[in-house]
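The block underneath contains the structure these notes are about, expressed in structure tokens.
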There are 2 protein chains.
Amino acid sequence: MERVGFIVQDKMISQAVISRLPRYFRYLGELKNEGIERISSQELSARMQVTASQIRQDFNHFGGFGQQGYGYNVNYLYSEIANILGLNEEHNLIIIGAGHLGQALVNYMNFERRGFIFRGIFDNNPALWGTTIRGIEVMPMDRIEQFVRENAVDIAVLSIPKDGAVSVANDLVRFGIKAIWNFAHVDLLLPKEVKVENVHLSDSLMKLSYMLASD
Amino acid sequence: MERVGFIVQDKMISQAVISRLPRYFRYLGELKNEGIERISSQELSARMQVTASQIRQDFNHFGGFGQQGYGYNVNYLYSEIANILGLNEEHNLIIIGAGHLGQALVNYMNFERRGFIFRGIFDNNPALWGTTIRGIEVMPMDRIEQFVRENAVDIAVLSIPKDGAVSVANDLVRFGIKAIWNFAHVDLLLPKEVKVENVHLSDSLMKLSYMLASD
């Protein structure tokens, strides 16, 4: 955990930089797979279609990772960014909402490969209780609290309609959840120490139709 | 289409502003539902947790929408933003990839309510051909071209693994698709006139774990 301590040393890393980190991680993973051991910021720039100076600036937030003129060691950079992204440890997830989207998320193998493990699935529909998705049982909502406390759950995924989402999110915070991945189409106003990442699919689709309309 | 012509009058609207439009639209829809007819930028600011000056600045990109000191007419603002977002006309969608995520997207009723209508579903798995999702038949990939040309399809949704995504996207562009909603975990390098909106779920989850790790 040393690195993490180092990173946050009183510096606020901007949302924009944070948003770019997973993309760096993805490209470095591809370079690794191709057997490439060293890459300059210019080469990485050409692949990723961002400027080399942007790359150097972004990396400087975390100490730089490389020597001027010598390029970056791909394996080292990959594992450093993995650490920064918190991928050096497993995360225990629960998901609230076992509808189509919830099922799709639980079935998405890439998350598990990165250490995000779905431990429990909850839904308020009694017809789903006792059914399983990838071997994980769907449980009633009133079992969330105990489950969270007993399974060191750190991330809750909300894939429910917006109507119940705010009150469920408040419950989750009360149960000790520290991070919510929110697919409900509503903004959650939670204590600052609770991290929220929204995926508003309708908003995303509207952005696309804006781009079409304004063309 | 007058409005659209007006909006883009040589002004580049920043991505940040565009990203906020669907959120304004969502809050205005809620105000409408609550029967609220007029709202000041201060009141809207308090609801949305953005500054009033941000709201005024954003709206000024599109001509302002209101009179100083008098507030915004909710219905008018709602329908203006709907127009800007291209929601005044229906969009014909196809989706490539009928796996769990594809099924979830086709089953998501909110899109249709906003005028995004799934017309065709395509998959390269023969076992799925002829099956239906919400009454829409899953078809083989080699029928995409004809279908796109015959059904005035303007948006293609890519919910396939990253390996095939780049070549499928290139095909789609060749077939005349003007916008791609990309869920494949890869960046698409397409001609500038083709609009791409990415939903990289793994990236989003990693951002959340970053926030947890850096806390």
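Following the order of the structure tokens, first chain is A, next is B, and so on, with residues numbered from 1 inside each chain and ligands from 1 in the order they appear.
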Quick one: pick out all alpha helix (DSSP H) residues within region 37-185 of chain A from a backbone DSSP run and write them as a compact mmCIF listing (two decimals) with N, CA and C atoms, in the first residue's frame.
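The result, written out as part09.txt:
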```txt
# COMPACT_ATOMS: atom_id res chain seq x y z
N SER A 41 7.12 7.71 -25.06
CA SER A 41 5.84 8.41 -25.00
C SER A 41 5.37 8.76 -26.43
N GLN A 42 6.31 8.94 -27.37
CA GLN A 42 5.91 9.22 -28.75
C GLN A 42 5.18 8.03 -29.37
N GLU A 43 5.76 6.83 -29.15
CA GLU A 43 5.11 5.64 -29.72
C GLU A 43 3.75 5.41 -29.09
N LEU A 44 3.69 5.56 -27.77
CA LEU A 44 2.42 5.37 -27.07
C LEU A 44 1.41 6.41 -27.55
N SER A 45 1.91 7.62 -27.77
CA SER A 45 1.09 8.71 -28.27
C SER A 45 0.45 8.35 -29.61
N ALA A 46 1.25 7.79 -30.50
CA ALA A 46 0.75 7.44 -31.83
C ALA A 46 -0.34 6.36 -31.73
N ARG A 47 -0.14 5.40 -30.86
CA ARG A 47 -1.13 4.33 -30.69
C ARG A 47 -2.43 4.85 -30.10
N MET A 48 -2.28 5.72 -29.10
CA MET A 48 -3.46 6.10 -28.31
C MET A 48 -4.15 7.36 -28.82
N ALA A 52 2.05 13.19 -26.84
CA ALA A 52 3.10 12.66 -25.97
C ALA A 52 3.22 13.53 -24.71
N SER A 53 2.98 14.81 -24.86
CA SER A 53 3.13 15.70 -23.70
C SER A 53 1.97 15.44 -22.71
N GLN A 54 0.81 15.12 -23.23
CA GLN A 54 -0.31 14.73 -22.36
C GLN A 54 0.06 13.48 -21.55
N ILE A 55 0.63 12.52 -22.22
CA ILE A 55 1.03 11.27 -21.55
C ILE A 55 2.05 11.57 -20.44
N ARG A 56 3.07 12.35 -20.79
CA ARG A 56 4.10 12.66 -19.78
C ARG A 56 3.50 13.42 -18.60
N GLN A 57 2.64 14.38 -18.92
CA GLN A 57 1.97 15.13 -17.84
C GLN A 57 1.15 14.21 -16.94
N ASP A 58 0.36 13.34 -17.57
CA ASP A 58 -0.47 12.42 -16.78
C ASP A 58 0.39 11.57 -15.87
N PHE A 59 1.45 11.01 -16.42
CA PHE A 59 2.30 10.11 -15.63
C PHE A 59 3.03 10.86 -14.53
N ASN A 60 3.32 12.14 -14.79
CA ASN A 60 4.03 12.92 -13.77
C ASN A 60 3.22 13.08 -12.48
N VAL A 74 7.39 -1.40 -20.16
CA VAL A 74 5.97 -1.71 -20.28
C VAL A 74 5.45 -2.51 -19.08
N ASN A 75 6.19 -3.55 -18.70
CA ASN A 75 5.74 -4.37 -17.58
C ASN A 75 5.65 -3.58 -16.28
N TYR A 76 6.66 -2.76 -16.06
CA TYR A 76 6.69 -1.95 -14.84
C TYR A 76 5.52 -0.96 -14.84
N LEU A 77 5.35 -0.28 -15.96
CA LEU A 77 4.30 0.73 -16.06
C LEU A 77 2.93 0.08 -15.90
N TYR A 78 2.77 -1.07 -16.52
CA TYR A 78 1.49 -1.81 -16.43
C TYR A 78 1.17 -2.13 -14.97
N SER A 79 2.17 -2.64 -14.25
CA SER A 79 1.87 -3.06 -12.87
C SER A 79 1.74 -1.86 -11.94
N GLU A 80 2.46 -0.78 -12.24
CA GLU A 80 2.29 0.44 -11.43
C GLU A 80 0.88 1.01 -11.60
N ILE A 81 0.43 1.06 -12.85
CA ILE A 81 -0.91 1.63 -13.09
C ILE A 81 -1.97 0.69 -12.50
N ALA A 82 -1.73 -0.60 -12.58
CA ALA A 82 -2.65 -1.56 -11.94
C ALA A 82 -2.76 -1.25 -10.44
N ASN A 83 -1.62 -1.01 -9.81
CA ASN A 83 -1.65 -0.68 -8.37
C ASN A 83 -2.42 0.60 -8.10
N ILE A 84 -2.14 1.61 -8.92
CA ILE A 84 -2.83 2.89 -8.74
C ILE A 84 -4.33 2.72 -8.86
N HIS A 100 -32.26 -7.76 -16.51
CA HIS A 100 -31.41 -8.05 -17.66
C HIS A 100 -30.02 -7.45 -17.51
N LEU A 101 -29.97 -6.17 -17.10
CA LEU A 101 -28.68 -5.52 -16.98
C LEU A 101 -27.84 -6.16 -15.87
N GLY A 102 -28.47 -6.42 -14.74
CA GLY A 102 -27.76 -7.08 -13.63
C GLY A 102 -27.18 -8.41 -14.06
N GLN A 103 -27.98 -9.18 -14.79
CA GLN A 103 -27.49 -10.48 -15.27
C GLN A 103 -26.30 -10.29 -16.21
N ALA A 104 -26.42 -9.30 -17.08
CA ALA A 104 -25.32 -9.05 -18.02
C ALA A 104 -24.04 -8.71 -17.28
N LEU A 105 -24.16 -7.90 -16.23
CA LEU A 105 -22.97 -7.48 -15.48
C LEU A 105 -22.34 -8.67 -14.76
N VAL A 106 -23.19 -9.49 -14.13
CA VAL A 106 -22.66 -10.65 -13.40
C VAL A 106 -21.99 -11.62 -14.36
N MET A 109 -17.25 -11.63 -17.81
CA MET A 109 -16.09 -12.30 -17.21
C MET A 109 -14.90 -11.36 -16.98
N ASN A 110 -14.81 -10.28 -17.78
CA ASN A 110 -13.65 -9.41 -17.67
C ASN A 110 -13.49 -8.80 -16.28
N PHE A 111 -14.62 -8.55 -15.61
CA PHE A 111 -14.53 -7.93 -14.29
C PHE A 111 -13.79 -8.87 -13.33
N GLU A 112 -14.17 -10.14 -13.38
CA GLU A 112 -13.56 -11.11 -12.47
C GLU A 112 -12.06 -11.23 -12.75
N ARG A 113 -11.72 -11.20 -14.04
CA ARG A 113 -10.32 -11.30 -14.42
C ARG A 113 -9.50 -10.17 -13.79
N ILE A 144 -29.30 -8.03 2.64
CA ILE A 144 -28.10 -7.27 2.23
C ILE A 144 -27.22 -6.91 3.42
N GLU A 145 -27.85 -6.37 4.46
CA GLU A 145 -27.07 -5.84 5.58
C GLU A 145 -26.12 -6.88 6.15
N GLN A 146 -26.69 -8.04 6.49
CA GLN A 146 -25.87 -9.09 7.10
C GLN A 146 -24.78 -9.55 6.12
N PHE A 147 -25.18 -9.70 4.86
CA PHE A 147 -24.24 -10.19 3.85
C PHE A 147 -23.05 -9.25 3.69
N VAL A 148 -23.34 -7.96 3.66
CA VAL A 148 -22.28 -6.96 3.51
C VAL A 148 -21.31 -7.05 4.68
N ARG A 149 -21.87 -7.18 5.88
CA ARG A 149 -21.02 -7.19 7.07
C ARG A 149 -20.18 -8.47 7.14
N GLU A 150 -20.73 -9.56 6.65
CA GLU A 150 -20.03 -10.85 6.79
C GLU A 150 -19.05 -11.14 5.66
N LYS A 162 -34.77 3.81 -11.29
CA LYS A 162 -34.39 4.95 -10.46
C LYS A 162 -35.27 5.14 -9.24
N ASP A 163 -36.50 4.64 -9.29
CA ASP A 163 -37.42 4.94 -8.20
C ASP A 163 -36.93 4.47 -6.83
N GLY A 164 -36.44 3.24 -6.76
CA GLY A 164 -35.98 2.75 -5.46
C GLY A 164 -34.52 3.06 -5.16
N ALA A 165 -33.82 3.61 -6.15
CA ALA A 165 -32.36 3.63 -6.06
C ALA A 165 -31.83 4.49 -4.92
N VAL A 166 -32.44 5.65 -4.71
CA VAL A 166 -31.92 6.56 -3.70
C VAL A 166 -32.01 5.93 -2.31
N SER A 167 -33.15 5.31 -2.01
CA SER A 167 -33.28 4.76 -0.65
C SER A 167 -32.40 3.52 -0.48
N VAL A 168 -32.27 2.72 -1.54
CA VAL A 168 -31.36 1.57 -1.45
C VAL A 168 -29.92 2.05 -1.24
N ALA A 169 -29.54 3.10 -1.96
CA ALA A 169 -28.17 3.61 -1.82
C ALA A 169 -27.93 4.11 -0.39
N ASN A 170 -28.91 4.79 0.17
CA ASN A 170 -28.76 5.25 1.56
C ASN A 170 -28.61 4.08 2.51
N ASP A 171 -29.40 3.03 2.29
CA ASP A 171 -29.24 1.82 3.11
C ASP A 171 -27.83 1.25 2.99
N LEU A 172 -27.35 1.16 1.75
CA LEU A 172 -26.03 0.57 1.52
C LEU A 172 -24.95 1.33 2.29
N VAL A 173 -25.06 2.65 2.28
CA VAL A 173 -24.09 3.46 3.01
C VAL A 173 -24.18 3.16 4.50
N ARG A 174 -25.40 3.02 5.00
CA ARG A 174 -25.59 2.69 6.40
C ARG A 174 -24.96 1.33 6.74
```
Could the residues of chain A that have an atom at most 6 Å from chain B be listed as a tab-separated table, each with its closest atom pair and the distance in Å to one decimal, counting only C-alpha atoms and ordered by chain and ascending residue number?
```
residue	atom	partner	partner_atom	distance
A:Val4	CA	B:Ser214	CA	5.8
A:Pro22	CA	B:Asp203	CA	5.1
A:Leu85	CA	B:Tyr210	CA	4.2
A:Gly86	CA	B:Ala213	CA	5.0
A:His100	CA	B:Ala104	CA	4.6
A:Leu101	CA	B:Ala104	CA	5.0
A:Ala104	CA	B:His100	CA	4.6
A:Glu197	CA	B:Leu208	CA	5.9
A:Asp203	CA	B:Pro22	CA	5.1
A:Leu208	CA	B:Glu197	CA	5.9
A:Ser209	CA	B:Gly86	CA	5.4
A:Tyr210	CA	B:Leu85	CA	4.2
A:Ala213	CA	B:Gly86	CA	5.0
A:Ser214	CA	B:Val4	CA	5.7
```
**Residue list (strand (DSSP E or B), DSSP) for chain A, as JSON, numbers by chain** = {"A": [38, 39, 67, 71, 72, 73, 91, 92, 93, 94, 95, 96, 116, 117, 118, 119, 120, 121, 122, 132, 133, 136, 137, 138, 139, 155, 156, 157, 158, 179, 180, 181, 182, 195, 196, 197, 198]}
**Asked** What does the distance from CA of Asp123 (chain B) to CA of Gly97 (chain B) come to in Å, to one decimal?
**Response** 4.9 Å
**Request:** State, in Å with one decimal place, the distance from CA of Gly66 (chain B) to CA of Ile36 (chain B).
**Result:** 15.7 Å
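In this model, the gap between CA of Asn92 (chain A) and CA of Gly120 (chain A) comes to 8.9 Å.
Nearest residue to Val138 (chain A), choosing from A:Ala184, A:Val50, A:Ile121, A:Leu190 and counting only C-alpha atoms: A:Ile121.
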**Asked** Nearest to Ile177 (chain A): which of A:Asn73, A:Ser40, A:Asn151, A:Asn124 is it, counting only C-alpha atoms?
**Response** A:Asn151
**Item:** Pick from B:Ser159, B:Trp129, B:Ile96, B:Arg38, whichever lies nearest to Gly71 (chain B) using only C-alpha atoms
**Value:** B:Arg38
